>>> print(open('structure_12.cif').read())   # mmCIF, C-alpha atoms
data_protein
loop_
_atom_site.label_atom_id
_atom_site.label_comp_id
_atom_site.auth_asym_id
_atom_site.auth_seq_id
_atom_site.Cartn_x
_atom_site.Cartn_y
_atom_site.Cartn_z
CA MET A 267 63.86 84.79 61.76
CA SER A 268 61.52 85.41 64.69
CA ALA A 269 62.24 88.11 67.25
CA SER A 270 63.61 86.95 70.59
CA ILE A 271 64.56 88.07 74.08
CA THR A 272 67.51 86.42 75.82
CA TRP A 273 68.74 86.97 79.37
CA LEU A 274 72.55 86.87 79.37
CA GLY A 275 72.95 86.93 83.14
CA HIS A 276 72.72 89.69 85.74
CA ALA A 277 70.93 92.63 84.03
CA THR A 278 72.16 92.07 80.48
CA VAL A 279 69.44 91.36 77.94
CA LYS A 280 69.73 90.65 74.21
CA LEU A 281 66.89 91.68 71.92
CA VAL A 282 66.81 90.26 68.40
CA LEU A 283 64.45 92.44 66.38
CA PRO A 284 62.05 91.16 63.72
CA ASP A 285 64.53 92.40 61.08
CA GLU A 286 67.37 90.44 62.80
CA ARG A 287 69.18 93.46 64.21
CA VAL A 288 70.54 92.96 67.72
CA ILE A 289 70.17 95.30 70.70
CA LEU A 290 72.11 94.70 73.90
CA ILE A 291 70.79 96.30 77.08
CA ASP A 292 73.36 96.98 79.84
CA PRO A 293 76.10 94.77 78.37
CA TRP A 294 78.25 93.07 81.00
CA ILE A 295 79.30 89.85 79.35
CA ALA A 296 83.00 88.98 79.27
CA ASP A 297 83.58 89.04 83.04
CA ASN A 298 79.99 88.42 84.11
CA PRO A 299 80.01 85.32 86.35
CA GLY A 300 76.34 84.79 85.54
CA CYS A 301 76.94 84.62 81.79
CA PRO A 302 77.84 81.14 80.45
CA ASP A 303 80.93 80.83 78.28
CA ALA A 304 78.73 79.83 75.34
CA CYS A 305 77.07 83.29 75.46
CA LYS A 306 80.21 85.38 75.76
CA ASP A 307 81.08 85.35 72.06
CA VAL A 308 78.96 88.21 70.72
CA SER A 309 78.55 87.89 66.95
CA ARG A 310 76.41 90.97 66.28
CA CYS A 311 75.49 94.21 68.04
CA ASP A 312 73.65 96.99 66.21
CA MET A 313 72.61 99.10 69.20
CA ILE A 314 73.39 99.37 72.91
CA LEU A 315 70.88 100.71 75.42
CA LEU A 316 72.15 101.80 78.83
CA THR A 317 70.01 102.29 81.92
CA HIS A 318 72.82 103.74 84.06
CA GLY A 319 76.52 103.62 84.85
CA HIS A 320 78.22 101.01 87.13
CA PHE A 321 80.61 98.36 85.86
CA ASP A 322 77.99 95.62 85.88
CA HIS A 323 75.99 97.50 83.24
CA VAL A 324 78.59 99.18 81.00
CA ALA A 325 81.74 97.04 81.22
CA ASP A 326 81.57 95.71 77.66
CA VAL A 327 80.54 98.91 75.90
CA GLY A 328 84.10 99.72 74.81
CA ARG A 329 84.86 96.36 73.23
CA LEU A 330 81.45 96.25 71.51
CA VAL A 331 81.99 99.74 70.08
CA GLU A 332 85.39 98.63 68.83
CA ALA A 333 84.03 95.45 67.25
CA PHE A 334 80.65 96.50 65.86
CA ASP A 335 80.31 100.32 65.99
CA PRO A 336 76.77 100.18 67.41
CA THR A 337 74.80 103.29 68.31
CA VAL A 338 74.88 103.77 72.09
CA VAL A 339 71.72 105.23 73.62
CA GLY A 340 71.29 106.38 77.20
CA ASN A 341 71.23 109.29 79.58
CA PHE A 342 73.00 112.38 78.18
CA GLU A 343 75.70 112.52 80.86
CA LEU A 344 76.34 108.78 80.71
CA CYS A 345 76.78 108.90 76.93
CA ALA A 346 79.16 111.85 77.29
CA VAL A 347 81.29 110.02 79.86
CA MET A 348 81.39 106.81 77.83
CA GLU A 349 82.34 108.69 74.65
CA LYS A 350 85.18 110.46 76.43
CA GLN A 351 86.48 107.26 78.03
CA ILE A 352 86.20 105.08 74.92
CA GLY A 353 87.32 107.77 72.50
CA LYS A 354 85.20 106.60 69.60
CA GLY A 355 81.71 105.46 68.72
CA LYS A 356 78.23 106.78 67.94
CA TYR A 357 76.22 108.12 70.88
CA SER A 358 72.66 109.38 71.09
CA GLY A 359 72.13 110.88 74.52
CA MET A 360 68.72 111.79 75.90
CA ASN A 361 67.07 112.30 79.27
CA THR A 362 64.34 111.05 81.57
CA GLY A 363 60.86 111.30 80.10
CA GLY A 364 62.09 111.68 76.54
CA THR A 365 61.53 109.46 73.52
CA GLN A 366 63.69 109.36 70.43
CA THR A 367 63.69 107.18 67.33
CA VAL A 368 67.10 105.75 66.59
CA GLU A 369 67.47 103.76 63.39
CA GLY A 370 63.77 102.92 63.47
CA VAL A 371 63.74 101.90 67.14
CA ARG A 372 61.70 104.07 69.49
CA VAL A 373 63.50 104.42 72.82
CA SER A 374 62.05 106.08 75.93
CA LEU A 375 63.78 106.69 79.26
CA THR A 376 61.78 106.39 82.46
CA GLN A 377 62.58 107.13 86.07
CA ALA A 378 64.53 104.70 88.23
CA PHE A 379 65.54 104.99 91.88
CA HIS A 380 69.20 104.05 92.11
CA SER A 381 72.56 105.77 91.49
CA SER A 382 74.77 106.10 88.42
CA SER A 383 78.50 106.52 87.95
CA VAL A 384 81.35 105.29 85.77
CA ASP A 385 84.64 104.08 87.22
CA SER A 386 87.83 106.03 86.56
CA PRO A 387 91.36 106.06 88.02
CA GLY A 388 90.35 109.10 90.06
CA GLY A 389 87.19 107.51 91.43
CA PRO A 390 83.57 107.39 90.31
CA ILE A 391 82.44 109.92 87.68
CA TYR A 392 78.88 111.21 87.84
CA ALA A 393 76.87 109.72 84.98
CA GLY A 394 73.49 111.41 85.20
CA MET A 395 70.26 109.97 86.51
CA PRO A 396 69.59 106.24 86.47
CA ASN A 397 66.80 105.17 84.18
CA GLY A 398 64.53 102.44 82.97
CA VAL A 399 64.14 102.04 79.23
CA VAL A 400 61.17 101.24 76.99
CA VAL A 401 61.85 99.70 73.58
CA ASP A 402 59.22 99.96 70.86
CA VAL A 403 59.74 98.29 67.48
CA ASP A 404 57.26 97.37 64.78
CA GLY A 405 56.05 93.80 64.93
CA ALA A 406 56.90 93.10 68.58
CA ALA A 407 55.44 93.98 71.97
CA LYS A 408 56.91 96.95 73.81
CA VAL A 409 59.56 95.99 76.34
CA TYR A 410 60.29 97.81 79.60
CA HIS A 411 63.66 97.13 81.23
CA ALA A 412 63.43 98.75 84.65
CA GLY A 413 67.18 99.01 85.11
CA ASP A 414 68.39 98.91 88.69
CA THR A 415 65.64 100.40 90.81
CA ASP A 416 63.50 100.24 93.88
CA VAL A 417 59.76 100.08 93.42
CA PHE A 418 58.16 103.54 93.32
CA GLY A 419 54.60 104.75 93.06
CA ASP A 420 55.00 106.44 89.69
CA MET A 421 55.60 103.05 88.08
CA ALA A 422 51.82 103.13 87.78
CA LEU A 423 52.28 105.81 85.09
CA ILE A 424 54.44 103.59 82.88
CA PRO A 425 51.60 101.39 81.55
CA LYS A 426 49.51 104.52 80.96
CA LEU A 427 52.31 106.24 79.06
CA PHE A 428 53.88 103.31 77.21
CA ASP A 429 51.78 100.14 77.70
CA PRO A 430 54.72 97.71 77.75
CA LYS A 431 53.69 94.06 77.52
CA VAL A 432 57.06 92.62 78.57
CA CYS A 433 58.52 93.91 81.83
CA ILE A 434 62.08 93.04 82.84
CA LEU A 435 62.44 93.60 86.58
CA PRO A 436 65.38 93.31 89.03
CA ILE A 437 64.51 91.07 91.98
CA GLY A 438 67.82 90.40 93.73
CA ASP A 439 67.52 92.85 96.67
CA TYR A 440 70.46 94.68 98.29
CA PHE A 441 71.30 96.85 95.24
CA THR A 442 67.74 96.89 93.87
CA MET A 443 64.23 96.04 94.97
CA GLY A 444 63.73 92.56 96.32
CA ALA A 445 60.91 90.07 95.89
CA LYS A 446 58.16 92.05 97.60
CA GLY A 447 59.02 95.32 95.87
CA ALA A 448 59.33 93.66 92.46
CA ALA A 449 55.95 91.98 92.95
CA MET A 450 54.41 95.35 93.75
CA ALA A 451 56.01 96.76 90.61
CA ALA A 452 54.57 93.94 88.51
CA GLU A 453 51.14 94.57 89.99
CA MET A 454 51.29 98.23 88.93
CA LEU A 455 52.66 97.42 85.48
CA GLN A 456 50.27 94.56 84.65
CA PRO A 457 52.37 93.13 81.80
CA THR A 458 51.56 90.01 79.83
CA ALA A 459 55.08 88.70 80.52
CA ILE A 460 57.47 89.24 83.43
CA LEU A 461 61.18 88.46 83.16
CA PRO A 462 63.23 88.67 86.40
CA VAL A 463 66.88 89.73 86.28
CA HIS A 464 69.65 91.00 88.58
CA TYR A 465 69.65 87.93 90.80
CA LYS A 466 71.91 84.92 91.42
CA THR A 467 75.04 86.69 90.10
CA PHE A 468 76.63 87.20 93.52
CA PRO A 469 76.08 85.38 96.83
CA ILE A 470 74.57 88.53 98.36
CA LEU A 471 71.70 88.56 95.85
CA ALA A 472 68.60 86.38 95.80
CA GLN A 473 69.58 82.98 94.43
CA SER A 474 66.26 82.02 92.92
CA THR A 475 62.91 83.46 91.85
CA ASP A 476 61.00 81.50 94.50
CA ALA A 477 60.32 84.42 96.85
CA PHE A 478 59.37 86.64 93.91
CA ARG A 479 56.94 84.06 92.56
CA ASP A 480 55.41 83.64 96.01
CA ALA A 481 54.98 87.42 96.36
CA LEU A 482 53.25 87.87 93.01
CA PRO A 483 49.46 88.20 93.01
CA ALA A 484 47.77 85.00 91.86
CA GLU A 485 46.72 86.49 88.53
CA LEU A 486 50.35 87.36 87.65
CA LYS A 487 52.09 84.10 88.59
CA GLY A 488 51.31 82.55 85.21
CA ARG A 489 52.93 85.50 83.43
CA LEU A 490 56.31 84.91 85.05
CA HIS A 491 59.01 83.53 82.74
CA VAL A 492 62.16 82.11 84.33
CA PRO A 493 64.45 81.06 81.48
CA GLU A 494 67.91 79.64 81.84
CA VAL A 495 70.64 82.15 81.10
CA GLY A 496 71.16 82.13 77.34
CA GLN A 497 67.73 80.65 76.56
CA ALA A 498 66.03 82.65 73.81
CA LEU A 499 62.35 83.44 74.36
CA ASN A 500 60.09 84.07 71.40
CA TRP A 501 59.18 87.78 71.31
CA THR A 502 55.78 88.27 69.77
CA ALA A 503 53.36 91.15 69.18
CA SER A 504 51.54 90.24 72.40
CA GLY A 505 54.52 89.54 74.64
CA ILE A 506 56.54 86.36 75.05
CA GLY A 507 55.31 83.31 73.19
#
>>> encode(input="structure_12.cif", output="structure tokens")
Amino acid sequence: MSASITWLGHATVKLVLPDERVILIDPWIADNPGCPDACKDVSRCDMILLTHGHFDHVADVGRLVEAFDPTVVGNFELCAVMEKQIGKGKYSGMNTGGTQTVEGVRVSLTQAFHSSSVDSPGGPIYAGMPNGVVVDVDGAAKVYHAGDTDVFGDMALIPKLFDPKVCILPIGDYFTMGAKGAAMAAEMLQPTAILPVHYKTFPILAQSTDAFRDALPAELKGRLHVPEVGQALNWTASGIG
């Protein structure tokens, strides 16, 4: 089976590794209006990677832990909060700038400019710093999921530190960077493949990638991939095939 990357709507991304294991990044599936019904039935989950708190990034962690017992990786405080709320599961907390190898998958947390909390009956609970995440597995190009973030100058360090070939960037504006900021991020990152996320879910967000495509430098426009939600993209050693 070839490795693949599938956008499941909003910021949720499914990675199928070359060995067929499945990683879900920021799983919001069951109640995600951007996720088609055909994609809501998760049949496998070996690992969960979290960029930050907020319901639209962690809502399905509990049910996935119950069903599949995946290892949950993310910011130390976020993992601690999720473990306390869910009451079971395997968690491997870390912090910004760190890299750890979890079950053969090398995971690094980068900076992100956003906020992070988990809902509770008493109000939001602090869940550590927001992050981006870099995934590095043998046989496939490194993937950078920026999480929810604004563009920031130190994104220029990410290709120097990690050299990701696939960059997953939020483009929807309002809660994250919009088209112009995301285009600036792509210019700093210089990936071989760009996958936009965090748009079209709600009326307040950008409803298409048109403005983002227009804002991209000419040399990057051909690297933009705009799949339908649920469409698996072939994940190769050089990027997206």
>>> closest_residue(input="structure_12.cif", among="A:Trp273, A:Phe478, A:Tyr392, A:Tyr465", to="Gly438 of chain A", atoms="all atoms listed in the file")
A:Tyr465
>>> resolve_selection(input="structure_12.cif", expression="the PyMOL selection byres ((chain A and resi 499) around 12)", output="PDB file with C-alpha atoms, in the frame of the given file")
ATOM      1  CA  SER A 268      61.520  85.410  64.690  1.00  0.00           C
ATOM      2  CA  ALA A 269      62.240  88.110  67.250  1.00  0.00           C
ATOM      3  CA  SER A 270      63.610  86.950  70.590  1.00  0.00           C
ATOM      4  CA  ILE A 271      64.560  88.070  74.080  1.00  0.00           C
ATOM      5  CA  THR A 272      67.510  86.420  75.820  1.00  0.00           C
ATOM      6  CA  TRP A 273      68.740  86.970  79.370  1.00  0.00           C
ATOM      7  CA  LEU A 274      72.550  86.870  79.370  1.00  0.00           C
ATOM      8  CA  VAL A 279      69.440  91.360  77.940  1.00  0.00           C
ATOM      9  CA  LYS A 280      69.730  90.650  74.210  1.00  0.00           C
ATOM     10  CA  LEU A 281      66.890  91.680  71.920  1.00  0.00           C
ATOM     11  CA  VAL A 282      66.810  90.260  68.400  1.00  0.00           C
ATOM     12  CA  VAL A 432      57.060  92.620  78.570  1.00  0.00           C
ATOM     13  CA  ALA A 459      55.080  88.700  80.520  1.00  0.00           C
ATOM     14  CA  ILE A 460      57.470  89.240  83.430  1.00  0.00           C
ATOM     15  CA  LEU A 461      61.180  88.460  83.160  1.00  0.00           C
ATOM     16  CA  HIS A 491      59.010  83.530  82.740  1.00  0.00           C
ATOM     17  CA  VAL A 492      62.160  82.110  84.330  1.00  0.00           C
ATOM     18  CA  PRO A 493      64.450  81.060  81.480  1.00  0.00           C
ATOM     19  CA  GLU A 494      67.910  79.640  81.840  1.00  0.00           C
ATOM     20  CA  VAL A 495      70.640  82.150  81.100  1.00  0.00           C
ATOM     21  CA  GLY A 496      71.160  82.130  77.340  1.00  0.00           C
ATOM     22  CA  GLN A 497      67.730  80.650  76.560  1.00  0.00           C
ATOM     23  CA  ALA A 498      66.030  82.650  73.810  1.00  0.00           C
ATOM     24  CA  ASN A 500      60.090  84.070  71.400  1.00  0.00           C
ATOM     25  CA  TRP A 501      59.180  87.780  71.310  1.00  0.00           C
ATOM     26  CA  THR A 502      55.780  88.270  69.770  1.00  0.00           C
ATOM     27  CA  GLY A 505      54.520  89.540  74.640  1.00  0.00           C
ATOM     28  CA  ILE A 506      56.540  86.360  75.050  1.00  0.00           C
ATOM     29  CA  GLY A 507      55.310  83.310  73.190  1.00  0.00           C
TER      30      GLY A 507
END
>>> closest_atom_pairs(input="structure_12.cif", of="segment 361-431 of chain A", to="segment 440-452 of chain A", cutoff="6 Å", atoms="all atoms listed in the file", output="Markdown table")
| residue | atom | partner | partner_atom | distance |
| --- | --- | --- | --- | --- |
| A:Asp414 | CA | A:Thr442 | CA | 5.6 |
| A:Thr415 | CA | A:Thr442 | CA | 5.1 |
| A:Asp416 | CA | A:Met443 | CA | 4.4 |
| A:Val417 | CA | A:Gly447 | CA | 5.4 |
>>> write_last_selection(input="structure_12.cif", atoms="C-alpha atoms", output="mmCIF file, keeping the file's coordinate frame")
data_model
loop_
_atom_site.group_PDB
_atom_site.id
_atom_site.type_symbol
_atom_site.label_atom_id
_atom_site.label_comp_id
_atom_site.auth_asym_id
_atom_site.auth_seq_id
_atom_site.Cartn_x
_atom_site.Cartn_y
_atom_site.Cartn_z
ATOM 1 C CA ASP A 414 68.390 98.910 88.690
ATOM 2 C CA THR A 415 65.640 100.400 90.810
ATOM 3 C CA ASP A 416 63.500 100.240 93.880
ATOM 4 C CA VAL A 417 59.760 100.080 93.420
#
>>> atom_distance(input="structure_12.cif", atom1="atom CA of Asp335 of chain A", atom2="atom CA of Gly355 of chain A")
6.0 Å
>>> closest_residue(input="structure_12.cif", among="A:His323, A:Arg489, A:Lys466, A:Arg372", to="Pro299 of chain A", atoms="only C-alpha atoms")
A:Lys466
>>> decode(input="structure_12.cif", residues="segment 349-443 of chain A", atoms="C-alpha atoms", output="mmCIF file, in the first residue's frame")
data_model
loop_
_atom_site.group_PDB
_atom_site.id
_atom_site.type_symbol
_atom_site.label_atom_id
_atom_site.label_comp_id
_atom_site.auth_asym_id
_atom_site.auth_seq_id
_atom_site.Cartn_x
_atom_site.Cartn_y
_atom_site.Cartn_z
ATOM 1 C CA GLU A 349 -5.434 12.604 29.835
ATOM 2 C CA LYS A 350 -7.243 14.007 32.864
ATOM 3 C CA GLN A 351 -10.446 14.681 30.931
ATOM 4 C CA ILE A 352 -10.519 11.366 29.056
ATOM 5 C CA GLY A 353 -9.275 9.280 31.967
ATOM 6 C CA LYS A 354 -7.402 6.753 29.863
ATOM 7 C CA GLY A 355 -4.997 6.475 26.967
ATOM 8 C CA LYS A 356 -1.307 6.721 26.101
ATOM 9 C CA TYR A 357 0.180 10.226 25.992
ATOM 10 C CA SER A 358 3.626 11.434 25.001
ATOM 11 C CA GLY A 359 3.891 15.114 25.853
ATOM 12 C CA MET A 360 6.696 17.342 24.641
ATOM 13 C CA ASN A 361 7.328 21.028 24.032
ATOM 14 C CA THR A 362 8.173 23.606 21.404
ATOM 15 C CA GLY A 363 11.488 23.004 19.666
ATOM 16 C CA GLY A 364 11.716 19.395 20.765
ATOM 17 C CA THR A 365 11.819 16.223 18.701
ATOM 18 C CA GLN A 366 10.928 12.764 19.915
ATOM 19 C CA THR A 367 10.630 9.398 18.199
ATOM 20 C CA VAL A 368 7.352 7.689 18.974
ATOM 21 C CA GLU A 369 6.897 4.177 17.628
ATOM 22 C CA GLY A 370 9.357 4.912 14.829
ATOM 23 C CA VAL A 371 7.794 8.256 13.885
ATOM 24 C CA ARG A 372 9.923 11.354 14.456
ATOM 25 C CA VAL A 373 7.743 14.212 15.681
ATOM 26 C CA SER A 374 8.900 17.810 16.150
ATOM 27 C CA LEU A 375 6.924 20.733 17.551
ATOM 28 C CA THR A 376 7.445 24.191 16.089
ATOM 29 C CA GLN A 377 6.182 27.605 17.065
ATOM 30 C CA ALA A 378 2.720 28.812 16.122
ATOM 31 C CA PHE A 379 1.046 32.141 16.839
ATOM 32 C CA HIS A 380 -2.434 31.392 18.143
ATOM 33 C CA SER A 381 -4.002 30.369 21.473
ATOM 34 C CA SER A 382 -4.710 26.999 23.076
ATOM 35 C CA SER A 383 -7.310 25.811 25.552
ATOM 36 C CA VAL A 384 -9.616 22.873 26.205
ATOM 37 C CA ASP A 385 -13.295 23.327 27.046
ATOM 38 C CA SER A 386 -14.587 22.339 30.472
ATOM 39 C CA PRO A 387 -17.787 22.970 32.460
ATOM 40 C CA GLY A 388 -15.928 25.693 34.343
ATOM 41 C CA GLY A 389 -14.659 27.416 31.209
ATOM 42 C CA PRO A 390 -11.530 27.119 29.087
ATOM 43 C CA ILE A 391 -8.528 25.292 30.594
ATOM 44 C CA TYR A 392 -5.052 26.466 29.625
ATOM 45 C CA ALA A 393 -3.455 23.891 27.335
ATOM 46 C CA GLY A 394 0.076 25.151 26.801
ATOM 47 C CA MET A 395 1.495 26.858 23.752
ATOM 48 C CA PRO A 396 0.024 26.294 20.300
ATOM 49 C CA ASN A 397 2.316 24.515 17.894
ATOM 50 C CA GLY A 398 2.982 23.364 14.388
ATOM 51 C CA VAL A 399 4.141 19.786 13.930
ATOM 52 C CA VAL A 400 6.696 18.153 11.637
ATOM 53 C CA VAL A 401 6.286 14.454 10.843
ATOM 54 C CA ASP A 402 9.285 12.471 9.632
ATOM 55 C CA VAL A 403 8.935 8.812 8.634
ATOM 56 C CA ASP A 404 11.172 6.600 6.538
ATOM 57 C CA GLY A 405 10.159 6.368 2.905
ATOM 58 C CA ALA A 406 8.077 9.557 2.720
ATOM 59 C CA ALA A 407 8.759 13.284 2.538
ATOM 60 C CA LYS A 408 8.667 15.262 5.770
ATOM 61 C CA VAL A 409 5.328 16.929 6.421
ATOM 62 C CA TYR A 410 4.816 20.227 8.258
ATOM 63 C CA HIS A 411 1.312 20.928 9.564
ATOM 64 C CA ALA A 412 1.398 24.551 10.682
ATOM 65 C CA GLY A 413 -1.568 24.218 13.020
ATOM 66 C CA ASP A 414 -3.593 27.370 13.537
ATOM 67 C CA THR A 415 -1.204 30.274 13.146
ATOM 68 C CA ASP A 416 -0.460 33.658 11.720
ATOM 69 C CA VAL A 417 2.550 34.005 9.482
ATOM 70 C CA PHE A 418 5.712 34.882 11.429
ATOM 71 C CA GLY A 419 9.266 35.633 10.408
ATOM 72 C CA ASP A 420 10.811 32.612 12.111
ATOM 73 C CA MET A 421 8.963 30.330 9.704
ATOM 74 C CA ALA A 422 12.089 30.884 7.633
ATOM 75 C CA LEU A 423 13.932 28.684 10.157
ATOM 76 C CA ILE A 424 11.645 25.690 9.612
ATOM 77 C CA PRO A 425 13.088 24.649 6.221
ATOM 78 C CA LYS A 426 16.596 25.100 7.629
ATOM 79 C CA LEU A 427 15.843 22.971 10.682
ATOM 80 C CA PHE A 428 13.537 20.328 9.203
ATOM 81 C CA ASP A 429 13.362 20.690 5.390
ATOM 82 C CA PRO A 430 9.701 19.657 5.057
ATOM 83 C CA LYS A 431 8.621 19.007 1.479
ATOM 84 C CA VAL A 432 4.877 19.014 2.173
ATOM 85 C CA CYS A 433 3.486 22.057 3.983
ATOM 86 C CA ILE A 434 -0.093 22.089 5.263
ATOM 87 C CA LEU A 435 -1.137 25.696 5.837
ATOM 88 C CA PRO A 436 -4.311 27.345 7.204
ATOM 89 C CA ILE A 437 -5.663 29.959 4.797
ATOM 90 C CA GLY A 438 -9.147 30.800 6.085
ATOM 91 C CA ASP A 439 -8.416 34.123 7.854
ATOM 92 C CA TYR A 440 -10.228 35.358 10.991
ATOM 93 C CA PHE A 441 -8.861 32.638 13.323
ATOM 94 C CA THR A 442 -5.624 32.111 11.371
ATOM 95 C CA MET A 443 -3.612 33.789 8.654
#
